[in-house]
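Participant: So here's run32.cif (mmCIF, C-alpha atoms and all ligand atoms).
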```cif
data_upload
#
loop_
_atom_site.label_atom_id
_atom_site.label_comp_id
_atom_site.auth_asym_id
_atom_site.auth_seq_id
_atom_site.Cartn_x
_atom_site.Cartn_y
_atom_site.Cartn_z
CA MET A 1 0.00 0.00 0.00
CA THR A 2 1.15 3.53 -0.72
CA ARG A 3 1.49 5.11 2.72
CA LEU A 4 2.67 8.53 1.67
CA GLU A 5 2.46 10.50 -1.56
CA LEU A 6 3.72 13.86 -2.74
CA ASP A 7 1.91 14.94 -5.87
CA GLY A 8 3.49 17.88 -7.72
CA VAL A 9 4.42 19.59 -4.45
CA THR A 10 5.97 23.06 -4.64
CA ARG A 11 7.13 25.39 -1.85
CA GLU A 12 8.51 28.85 -2.48
CA PHE A 13 10.27 31.25 -0.11
CA GLY A 14 10.32 34.65 -1.87
CA ALA A 15 12.34 34.16 -5.04
CA THR A 16 13.63 30.71 -3.96
CA THR A 17 11.75 27.63 -5.07
CA ALA A 18 12.87 25.30 -2.27
CA VAL A 19 10.73 22.38 -3.50
CA ASP A 20 9.89 22.38 -7.18
CA ASP A 21 7.08 20.14 -8.45
CA VAL A 22 8.14 17.07 -6.45
CA SER A 23 6.20 13.84 -6.90
CA LEU A 24 7.13 10.80 -4.81
CA SER A 25 5.40 7.84 -3.30
CA VAL A 26 6.57 5.87 -0.29
CA GLU A 27 5.24 2.35 0.31
CA ASP A 28 4.09 0.93 3.62
CA GLY A 29 7.06 -0.15 5.74
CA GLU A 30 9.60 1.33 3.37
CA PHE A 31 12.84 3.06 4.44
CA PHE A 32 12.91 5.97 1.99
CA THR A 33 15.73 8.52 1.92
CA LEU A 34 15.90 12.07 0.57
CA VAL A 35 19.53 12.81 -0.28
CA GLY A 36 21.23 15.75 -1.96
CA PRO A 37 23.61 18.65 -1.39
CA SER A 38 22.99 21.49 1.05
CA GLY A 39 20.04 23.66 0.05
CA CYS A 40 18.48 21.13 -2.36
CA GLY A 41 15.17 21.12 -0.47
CA LYS A 42 15.39 17.98 1.71
CA THR A 43 14.38 19.56 5.01
CA THR A 44 11.60 21.60 3.40
CA THR A 45 10.20 18.41 1.80
CA LEU A 46 10.26 16.67 5.19
CA ARG A 47 8.57 19.67 6.85
CA LEU A 48 5.85 19.59 4.18
CA ILE A 49 5.23 15.92 5.00
CA ALA A 50 5.19 16.65 8.75
CA GLY A 51 2.83 19.61 8.28
CA PHE A 52 5.23 22.30 9.60
CA GLU A 53 5.04 23.88 6.12
CA SER A 54 2.16 24.09 3.67
CA PRO A 55 2.70 23.59 -0.07
CA ASP A 56 2.14 26.49 -2.49
CA GLY A 57 1.08 23.91 -5.05
CA GLY A 58 0.38 20.18 -5.18
CA ASP A 59 -0.78 17.85 -2.45
CA VAL A 60 0.60 15.63 0.31
CA ARG A 61 -1.46 12.46 0.90
CA PHE A 62 -1.31 9.87 3.69
CA ALA A 63 -2.81 6.51 2.70
CA GLY A 64 -4.71 8.30 -0.08
CA ALA A 65 -6.12 11.11 2.13
CA SER A 66 -5.12 14.73 1.44
CA MET A 67 -3.30 16.36 4.37
CA THR A 68 -4.22 19.91 3.32
CA GLY A 69 -5.22 21.78 6.47
CA VAL A 70 -4.29 18.89 8.79
CA PRO A 71 -1.96 20.15 11.60
CA PRO A 72 1.23 18.19 12.48
CA GLU A 73 -0.22 16.67 15.69
CA ASP A 74 -3.06 15.07 13.71
CA ARG A 75 -0.85 13.57 10.97
CA ASP A 76 0.21 10.39 12.75
CA VAL A 77 3.92 11.14 12.27
CA GLY A 78 6.89 10.95 14.64
CA VAL A 79 9.72 13.40 13.93
CA VAL A 80 13.38 13.36 14.98
CA PHE A 81 15.44 16.45 14.20
CA GLN A 82 19.14 17.03 13.82
CA SER A 83 19.39 18.59 17.28
CA TYR A 84 18.04 16.29 19.94
CA ALA A 85 15.74 18.92 21.45
CA LEU A 86 15.42 16.91 24.66
CA PHE A 87 14.20 18.77 27.74
CA PRO A 88 17.33 19.14 29.92
CA HIS A 89 15.52 19.13 33.28
CA MET A 90 13.35 16.12 32.56
CA SER A 91 14.61 12.58 33.05
CA VAL A 92 15.05 10.28 30.05
CA ALA A 93 11.74 8.53 30.94
CA GLU A 94 9.91 11.87 31.20
CA ASN A 95 11.31 12.94 27.84
CA VAL A 96 10.02 9.74 26.22
CA ALA A 97 6.64 10.10 27.98
CA TYR A 98 6.40 13.63 26.53
CA GLY A 99 5.86 11.91 23.16
CA LEU A 100 2.52 10.71 24.59
CA ARG A 101 1.17 14.19 25.42
CA PHE A 102 -1.31 14.15 22.53
CA ARG A 103 -2.10 10.46 22.48
CA GLU A 104 -2.62 7.45 24.67
CA PRO A 105 -0.07 4.65 24.27
CA PRO A 106 -1.02 2.13 21.56
CA GLY A 107 -2.59 -1.15 22.74
CA ASP A 108 -3.78 -1.22 26.35
CA ARG A 109 -0.41 -0.43 27.86
CA SER A 110 0.09 2.11 30.63
CA ARG A 111 2.38 5.09 29.98
CA GLU A 112 5.06 3.52 32.21
CA GLU A 113 4.89 0.24 30.29
CA ARG A 114 5.14 2.06 26.96
CA VAL A 115 8.15 4.12 28.12
CA SER A 116 10.09 1.06 29.31
CA GLU A 117 9.18 -0.85 26.15
CA LEU A 118 10.65 1.96 24.05
CA LEU A 119 13.77 2.36 26.18
CA GLU A 120 14.37 -1.34 25.66
CA LEU A 121 13.82 -0.99 21.91
CA VAL A 122 16.51 1.72 21.65
CA ASP A 123 18.90 -0.22 23.95
CA LEU A 124 18.51 2.20 26.87
CA ALA A 125 16.75 -0.02 29.40
CA GLY A 126 17.79 1.17 32.86
CA PHE A 127 18.56 4.74 31.70
CA GLY A 128 15.09 6.12 32.49
CA ASP A 129 16.14 8.08 35.61
CA ARG A 130 19.13 9.81 34.02
CA GLU A 131 19.04 13.37 32.75
CA PRO A 132 19.98 14.14 29.13
CA ASP A 133 23.34 15.69 30.07
CA GLU A 134 24.36 12.37 31.62
CA LEU A 135 24.14 10.71 28.21
CA SER A 136 26.40 10.52 25.13
CA GLY A 137 25.30 12.17 21.85
CA GLY A 138 24.29 8.82 20.36
CA GLN A 139 22.27 7.90 23.48
CA ARG A 140 20.49 11.27 23.41
CA GLN A 141 19.54 10.78 19.80
CA ARG A 142 18.11 7.35 20.70
CA VAL A 143 15.99 9.01 23.44
CA ALA A 144 14.69 11.44 20.78
CA LEU A 145 13.87 8.43 18.58
CA ALA A 146 12.05 6.67 21.45
CA ARG A 147 10.05 9.86 22.12
CA ALA A 148 9.03 10.11 18.43
CA LEU A 149 7.99 6.44 18.39
CA ALA A 150 6.11 6.51 21.73
CA PRO A 151 2.60 7.18 20.33
CA GLY A 152 3.06 4.45 17.68
CA PRO A 153 2.97 6.74 14.60
CA SER A 154 2.50 5.20 11.17
CA VAL A 155 5.22 7.38 9.61
CA LEU A 156 8.63 8.21 11.08
CA LEU A 157 10.46 11.31 9.77
CA LEU A 158 14.17 11.68 10.49
CA ASP A 159 16.03 14.88 9.60
CA GLU A 160 19.81 14.35 9.62
CA PRO A 161 19.52 12.62 13.02
CA MET A 162 23.18 11.65 13.10
CA SER A 163 24.95 14.70 11.72
CA ALA A 164 26.16 15.89 15.14
CA LEU A 165 27.89 12.57 15.86
CA ASP A 166 31.38 11.40 14.95
CA ALA A 167 31.86 9.00 12.04
CA ARG A 168 32.11 5.76 14.02
CA LEU A 169 29.10 6.56 16.19
CA ARG A 170 27.07 7.48 13.10
CA GLU A 171 27.80 4.08 11.60
CA ARG A 172 26.71 2.30 14.80
CA LEU A 173 23.61 4.41 15.21
CA ARG A 174 22.50 3.94 11.61
CA VAL A 175 22.66 0.16 12.03
CA GLN A 176 20.51 0.53 15.16
CA VAL A 177 18.01 2.84 13.46
CA LYS A 178 17.75 0.43 10.54
CA ARG A 179 17.20 -2.51 12.92
CA ILE A 180 14.48 -0.65 14.86
CA GLN A 181 12.82 0.47 11.62
CA SER A 182 12.61 -3.06 10.24
CA GLU A 183 11.57 -4.52 13.60
CA LEU A 184 8.61 -2.10 13.72
CA ALA A 185 8.13 -2.18 9.92
CA ILE A 186 7.44 1.55 10.20
CA THR A 187 7.33 3.70 7.04
CA THR A 188 10.33 6.00 7.35
CA VAL A 189 11.49 9.08 5.48
CA TYR A 190 15.10 9.89 6.23
CA VAL A 191 16.92 13.08 5.26
CA THR A 192 20.69 13.13 4.81
CA HIS A 193 23.29 14.96 2.71
CA ASP A 194 25.57 11.92 3.10
CA GLN A 195 25.24 9.79 -0.02
CA GLU A 196 27.12 6.89 1.55
CA GLU A 197 24.64 6.82 4.44
CA ALA A 198 21.75 6.99 1.96
CA LEU A 199 23.09 3.99 0.01
CA SER A 200 23.67 1.96 3.16
CA VAL A 201 20.30 2.28 4.93
CA SER A 202 17.60 2.84 2.30
CA ASP A 203 15.16 0.54 0.55
CA ARG A 204 14.86 3.34 -2.02
CA LEU A 205 16.19 6.87 -2.23
CA ALA A 206 15.38 10.08 -4.05
CA VAL A 207 18.30 12.24 -5.16
CA LEU A 208 17.31 15.92 -5.00
CA ASN A 209 19.00 18.84 -6.73
CA GLY A 210 17.78 22.44 -6.71
CA GLY A 211 14.37 21.44 -5.33
CA ARG A 212 13.78 18.82 -8.03
CA VAL A 213 13.95 15.04 -8.04
CA GLU A 214 16.84 13.82 -10.21
CA GLN A 215 16.27 10.10 -9.66
CA VAL A 216 14.32 7.67 -7.48
CA GLY A 217 15.45 4.08 -7.13
CA THR A 218 17.05 1.37 -5.06
CA PRO A 219 20.60 2.09 -3.87
CA GLU A 220 21.95 -0.40 -6.44
CA ALA A 221 20.03 1.18 -9.33
CA VAL A 222 21.04 4.74 -8.40
CA TYR A 223 24.69 3.70 -8.04
CA ARG A 224 24.90 1.50 -11.12
CA GLU A 225 22.53 3.29 -13.47
CA PRO A 226 22.58 7.00 -12.63
CA ALA A 227 19.90 8.88 -14.55
CA SER A 228 21.87 12.10 -14.94
CA ARG A 229 25.35 13.54 -14.78
CA PHE A 230 24.45 15.13 -11.43
CA VAL A 231 23.57 11.74 -9.90
CA ALA A 232 26.65 10.11 -11.46
CA GLU A 233 28.87 12.73 -9.80
CA PHE A 234 27.01 13.05 -6.47
CA VAL A 235 26.51 9.39 -5.57
CA GLY A 236 29.80 7.61 -4.92
CA ASP A 237 33.21 8.31 -6.47
CA ASN A 238 33.08 8.43 -10.25
CA ASN A 239 35.11 9.39 -13.30
CA VAL A 240 32.87 11.46 -15.56
CA PHE A 241 34.14 12.57 -18.99
CA ASP A 242 32.56 14.66 -21.74
CA ALA A 243 32.23 12.32 -24.70
CA GLU A 244 30.96 12.09 -28.26
CA THR A 245 29.46 9.28 -30.22
CA ALA A 246 32.08 7.89 -32.58
CA VAL A 247 31.14 8.27 -36.23
CA GLU A 248 31.53 5.53 -38.80
CA THR A 249 32.52 2.72 -36.49
CA GLU A 250 31.26 -0.81 -36.29
CA GLY A 251 29.62 -1.73 -32.97
CA CYS A 252 29.45 0.78 -30.17
CA SER A 253 32.16 3.22 -29.31
CA VAL A 254 32.55 6.60 -27.76
CA VAL A 255 35.24 9.25 -28.11
CA VAL A 256 36.77 11.32 -25.31
CA ASP A 257 39.10 14.01 -26.66
CA GLY A 258 40.16 11.92 -29.69
CA GLU A 259 40.59 8.68 -27.71
CA GLU A 260 38.11 5.97 -28.78
CA PHE A 261 36.59 3.44 -26.33
CA ASP A 262 34.46 0.35 -26.94
CA VAL A 263 31.26 0.35 -24.92
CA GLU A 264 28.05 -1.64 -24.64
CA SER A 265 24.88 0.32 -25.19
CA SER A 266 21.60 0.04 -27.06
CA SER A 267 21.47 3.77 -27.74
CA ARG A 268 24.00 5.95 -29.59
CA GLU A 269 23.02 9.31 -28.18
CA TRP A 270 25.57 9.88 -25.45
CA ASN A 271 27.63 12.85 -24.41
CA VAL A 272 28.97 11.64 -21.08
CA LEU A 273 31.08 8.59 -20.27
CA CYS A 274 31.25 7.41 -16.61
CA VAL A 275 33.57 4.76 -15.23
CA ARG A 276 33.61 4.00 -11.49
CA PRO A 277 37.11 3.95 -9.90
CA GLU A 278 36.69 0.26 -8.99
CA ASN A 279 36.05 -0.52 -12.68
CA LEU A 280 39.36 0.99 -13.81
CA SER A 281 42.42 -1.17 -13.54
CA PHE A 282 46.11 -0.87 -14.32
CA ASP A 283 46.22 -4.30 -15.94
CA CYS A 284 42.96 -4.34 -17.92
CA GLU A 285 43.63 -5.18 -21.58
CA SER A 286 40.71 -3.25 -23.08
CA ASN A 287 40.01 0.49 -23.43
CA ARG A 288 43.46 1.53 -22.26
CA PHE A 289 44.55 5.14 -21.83
CA PRO A 290 47.68 6.77 -20.42
CA VAL A 291 47.72 8.43 -16.99
CA ARG A 292 50.23 9.79 -14.53
CA VAL A 293 49.75 8.50 -10.97
CA GLU A 294 50.02 11.59 -8.77
CA SER A 295 49.34 10.10 -5.34
CA VAL A 296 48.11 6.92 -3.70
CA GLU A 297 45.95 6.49 -0.58
CA PHE A 298 45.83 3.24 1.40
CA LEU A 299 42.23 2.56 2.48
CA GLY A 300 42.76 -0.72 4.33
CA ASP A 301 40.85 -2.99 1.96
CA ALA A 302 42.03 -1.18 -1.21
CA TYR A 303 44.21 1.56 -2.65
CA ARG A 304 42.92 4.72 -4.28
CA ALA A 305 45.16 6.30 -6.91
CA HIS A 306 44.72 9.94 -7.89
CA CYS A 307 45.80 10.18 -11.51
CA ASP A 308 46.01 12.77 -14.25
CA TRP A 309 44.94 12.12 -17.84
CA ASP A 310 45.79 15.19 -19.94
CA GLY A 311 44.53 17.57 -17.27
CA ARG A 312 41.56 15.44 -16.21
CA ASP A 313 41.43 13.96 -12.70
CA VAL A 314 41.05 10.18 -12.76
CA LEU A 315 40.43 8.02 -9.67
CA VAL A 316 41.40 4.35 -9.72
CA LYS A 317 40.57 1.92 -6.90
CA THR A 318 42.46 -1.36 -6.80
CA ARG A 319 43.25 -4.25 -4.46
CA GLU A 320 46.91 -4.29 -5.50
CA ARG A 321 49.29 -1.41 -4.84
CA PRO A 322 49.16 0.92 -7.89
CA PRO A 323 52.31 1.79 -9.85
CA THR A 324 53.78 5.28 -9.54
CA GLY A 325 54.47 7.81 -12.30
CA GLU A 326 53.50 7.08 -15.92
CA ALA A 327 51.04 4.17 -16.26
CA THR A 328 48.15 2.87 -18.31
CA VAL A 329 44.63 2.13 -17.10
CA GLY A 330 41.75 0.40 -18.84
CA PHE A 331 38.17 -0.77 -18.34
CA ARG A 332 35.89 -3.44 -19.77
CA PRO A 333 33.29 -2.24 -22.32
CA GLY A 334 30.43 -3.47 -20.11
CA ASP A 335 31.66 -1.49 -17.09
CA ALA A 336 31.05 1.98 -18.53
CA THR A 337 27.87 4.01 -18.05
CA LEU A 338 26.80 6.34 -20.84
CA LEU A 339 24.59 9.37 -20.42
P1 LIG A 401 20.69 21.41 4.25
O1 LIG A 401 21.25 20.08 3.90
O2 LIG A 401 21.71 22.51 4.19
O3 LIG A 401 19.88 21.43 5.50
P2 LIG A 401 18.29 21.21 2.59
O4 LIG A 401 18.50 20.35 1.37
O5 LIG A 401 17.60 20.58 3.73
O6 LIG A 401 19.68 21.83 3.02
P3 LIG A 401 16.27 23.25 2.73
O7 LIG A 401 16.56 23.57 4.15
O8 LIG A 401 15.05 22.51 2.42
O9 LIG A 401 17.51 22.49 2.07
O10 LIG A 401 16.31 24.62 1.91
C1 LIG A 401 16.02 24.69 0.52
C2 LIG A 401 16.14 26.12 0.05
O11 LIG A 401 15.09 26.91 0.61
C3 LIG A 401 17.43 26.82 0.45
O12 LIG A 401 17.82 27.67 -0.60
C4 LIG A 401 17.03 27.60 1.70
O13 LIG A 401 17.84 28.73 1.85
C5 LIG A 401 15.60 27.96 1.39
N1 LIG A 401 14.76 28.06 2.61
C6 LIG A 401 14.43 27.05 3.45
N2 LIG A 401 13.64 27.49 4.44
C7 LIG A 401 13.46 28.82 4.25
C8 LIG A 401 12.75 29.85 4.95
N3 LIG A 401 12.05 29.58 6.04
N4 LIG A 401 12.81 31.10 4.45
C9 LIG A 401 13.51 31.38 3.33
N5 LIG A 401 14.21 30.46 2.62
C10 LIG A 401 14.20 29.20 3.07
#
```
As structure tokens, how would this structure be written, given the file I've shared?
Ligand code: ATP

Facilitator:
Amino acid sequence: MTRLELDGVTREFGATTAVDDVSLSVEDGEFFTLVGPSGCGKTTTLRLIAGFESPDGGDVRFAGASMTGVPPEDRDVGVVFQSYALFPHMSVAENVAYGLRFREPPGDRSREERVSELLELVDLAGFGDREPDELSGGQRQRVALARALAPGPSVLLLDEPMSALDARLRERLRVQVKRIQSELAITTVYVTHDQEEALSVSDRLAVLNGGRVEQVGTPEAVYREPASRFVAEFVGDNNVFDAETAVETEGCSVVVDGEEFDVESSSREWNVLCVRPENLSFDCESNRFPVRVESVEFLGDAYRAHCDWDGRDVLVKTRERPPTGEATVGFRPGDATLL
């Protein structure tokens, strides 16, 4: 069932169109992510879903019903913001219970039972009597999550909930959030500017740019088959070259600055060639071109070589240590993406 729909939604602030004719649908139980660079309209889209903003055009629907005129507290959503916004002088348990101010706990549980159930869910059983300043950043964000989930909303909205945390803690917390989301099978819309995070947690994601949707798809589809140059460059490391269709050749080939490459494609209308760093290799026999290896990073499980090809930056990711200085790289025809 479609739990949540945005149908041609637009929101303007003066001369800025923050959200520009956005249409999306999120299925029941889905973990759906809005990802894109700063200012692309992610937070405004989330606020339109929550009801903190009203659209200037289009409609937001929950399970088919228009939300026009419905205030946030009647929308059956739980929201977690970037800043924890916990009440400093209330205990952890009181903060979670605050989530129940508009609604009775679901089922026939008492408030106390609901609060301890949620503290257990977010791995904070026994922390109920502490105050927020006696917790770590990750623990505080889990209290905010428990508070949002307390009334048993049908949609959970998360706006950059981990951006204040350090890298390792973010990784741990996102695994926990994902586990809780699938345990509850709660429809979730997650906002992040971190494309790696978006790929790792989502069932599907929408890549936003300048208030518009560039692409919606599974993480694999968005990574492997980017719909535009913007997506190809924003999601994951990529080598993106201006290209032309080769004239008068048999089969499929594409030309970058006079250098011709064999590719696999059903169309012949390309002007961009993309090759992921992991698909370039120093010992590939096909589609070879000369580079100068400028520097090499060791990543633990791989090496990343920063190379120069006639003034173009080229990234190559390999398991074996890359050569230094002048070298040749190549890629298999099936490993290129053409746009
Ligand atoms: P970030 O990742 O930096 O939080 P975002 O993708 O969430 O960015 P939004 O916060 O939705 O982007 O903002 C989209 C655009 O709308 C920006 O240009 C922003 O400056 C503008 N904007 C957002 N809210 C308002 C407001 N209340 N008044 C005026 N302009 C606004």

Participant: If we count only C-alpha atoms, what is near A:Glu196 at a cut-off of 10 Å, once residues fewer than 2 positions away on the same chain are taken out, given as a PDB file with C-alpha atoms, in the frame of the given file?

Facilitator:
```
ATOM      1  CA  VAL A  35      19.530  12.810  -0.280  1.00  0.00           C
ATOM      2  CA  THR A 192      20.690  13.130   4.810  1.00  0.00           C
ATOM      3  CA  HIS A 193      23.290  14.960   2.710  1.00  0.00           C
ATOM      4  CA  ASP A 194      25.570  11.920   3.100  1.00  0.00           C
ATOM      5  CA  ALA A 198      21.750   6.990   1.960  1.00  0.00           C
ATOM      6  CA  LEU A 199      23.090   3.990   0.010  1.00  0.00           C
ATOM      7  CA  SER A 200      23.670   1.960   3.160  1.00  0.00           C
ATOM      8  CA  VAL A 201      20.300   2.280   4.930  1.00  0.00           C
ATOM      9  CA  PRO A 219      20.600   2.090  -3.870  1.00  0.00           C
ATOM     10  CA  VAL A 235      26.510   9.390  -5.570  1.00  0.00           C
ATOM     11  CA  GLY A 236      29.800   7.610  -4.920  1.00  0.00           C
TER      12      GLY A 236
END
```

Participant: Excluding same-chain residues fewer than 2 positions from A:Ala125, what lies within 12 Å of it counting all atoms listed in the file, as a VMD selection string?

Facilitator: chain A and resid 92 to 93 113 115 to 123 127 to 130 139 142 to 143 146

Participant: I need the residues from that last selection saved to file as a short mmCIF file (atom, residue, chain, number, x, y, z; two decimals), in the frame of the given file (with C-alpha atoms), if you can.

Facilitator:
```cif
data_model
loop_
_atom_site.label_atom_id
_atom_site.label_comp_id
_atom_site.auth_asym_id
_atom_site.auth_seq_id
_atom_site.Cartn_x
_atom_site.Cartn_y
_atom_site.Cartn_z
CA VAL A 92 15.05 10.28 30.05
CA ALA A 93 11.74 8.53 30.94
CA GLU A 113 4.89 0.24 30.29
CA VAL A 115 8.15 4.12 28.12
CA SER A 116 10.09 1.06 29.31
CA GLU A 117 9.18 -0.85 26.15
CA LEU A 118 10.65 1.96 24.05
CA LEU A 119 13.77 2.36 26.18
CA GLU A 120 14.37 -1.34 25.66
CA LEU A 121 13.82 -0.99 21.91
CA VAL A 122 16.51 1.72 21.65
CA ASP A 123 18.90 -0.22 23.95
CA PHE A 127 18.56 4.74 31.70
CA GLY A 128 15.09 6.12 32.49
CA ASP A 129 16.14 8.08 35.61
CA ARG A 130 19.13 9.81 34.02
CA GLN A 139 22.27 7.90 23.48
CA ARG A 142 18.11 7.35 20.70
CA VAL A 143 15.99 9.01 23.44
CA ALA A 146 12.05 6.67 21.45
#
```

Participant: Per residue of chain A within 9 Å of ligand LIG 401 (chain A), which atom pair is closest and at what distance in Å (one decimal), using all atoms listed in the file, listed by chain and increasing number, as a tab-separated table?

Facilitator:
```
residue	atom	partner	partner_atom	distance
A:Arg11	CA	A:LIG401	O11	8.5
A:Glu12	CA	A:LIG401	O11	7.5
A:Phe13	CA	A:LIG401	C9	4.7
A:Gly14	CA	A:LIG401	C9	6.9
A:Ala15	CA	A:LIG401	N5	8.7
A:Thr16	CA	A:LIG401	O11	6.1
A:Thr17	CA	A:LIG401	O11	6.6
A:Ala18	CA	A:LIG401	O11	4.0
A:Val19	CA	A:LIG401	C1	7.0
A:Leu34	CA	A:LIG401	O4	8.7
A:Val35	CA	A:LIG401	O4	7.8
A:Gly36	CA	A:LIG401	O4	6.3
A:Pro37	CA	A:LIG401	O1	6.0
A:Ser38	CA	A:LIG401	O2	3.5
A:Gly39	CA	A:LIG401	O9	3.4
A:Cys40	CA	A:LIG401	O4	3.8
A:Gly41	CA	A:LIG401	O8	3.2
A:Lys42	CA	A:LIG401	O4	3.9
A:Thr43	CA	A:LIG401	O5	3.6
A:Thr44	CA	A:LIG401	O8	3.7
A:Thr45	CA	A:LIG401	O8	6.4
A:Leu46	CA	A:LIG401	O8	8.0
A:Arg47	CA	A:LIG401	O8	8.3
A:Asp159	CA	A:LIG401	O5	8.3
A:Glu160	CA	A:LIG401	O3	8.2
A:Val191	CA	A:LIG401	O5	7.7
A:Thr192	CA	A:LIG401	O1	7.0
A:His193	CA	A:LIG401	O1	5.6
A:Leu208	CA	A:LIG401	O4	7.8
A:Asn209	CA	A:LIG401	O4	8.3
A:Gly210	CA	A:LIG401	C1	7.8
A:Gly211	CA	A:LIG401	C1	6.9
```

Participant: Given all atoms listed in the file as the basis, pick out the residue of A:Met1, A:Ile180, A:Leu24, A:Ala97 nearest to A:Arg204.

Facilitator: A:Leu24

Participant: Closest to A:Pro106 among A:Pro132, A:Gly126, A:Pro72, A:Pro151, using all atoms listed in the file?

Facilitator: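 Distance minimum relative to A:Pro106 lands on A:Pro151.
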
Participant: What does the distance between atom CA of A:Gly99 and atom CA of A:Ala150 come to in Å, to one decimal place?

Facilitator: 5.6 Å

Participant: Which residue is closest to A:Arg292? Choose from A:Leu173, A:Val255, A:Ala50, A:Ala327 and count only C-alpha atoms.

Facilitator: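 The shortest atom-to-atom distance to A:Arg292 comes from A:Ala327.
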
Participant: Please compute the atom CA of A:Val329-atom CA of A:Glu233 distance, one decimal, in Å.

Facilitator: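 Atom CA of A:Val329 sits 20.3 Å away from atom CA of A:Glu233.
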
Participant: Which one of A:Leu339, A:Met162, A:Leu149, A:Leu124 sits closest to A:Arg174 if you count only C-alpha atoms?

Facilitator: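 Once distances to A:Arg174 are computed over only C-alpha atoms, the minimum belongs to A:Met162.
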
Participant: Report, in Å to a single decimal, how far apart atom CA of A:Pro226 and atom CA of A:Ala246 are.

Facilitator: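 Interatomic distance, atom CA of A:Ala246 to atom CA of A:Pro226: 22.1 Å.
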
Participant: Mind checking which residues fall within 9 Å of A:Gly334, counting all atoms listed in the file, ignoring those fewer than 6 positions away in the same chain, and posting them as a ChimeraX atom specification?

Facilitator: /A:262-265

Participant: Rank nothing, just name the residue among A:Gly107, A:Pro323, A:Pro88, A:Gly330 nearest to A:Asp283, using only C-alpha atoms.

Facilitator: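 Checking each candidate against A:Asp283, we get A:Gly330 as the closest.
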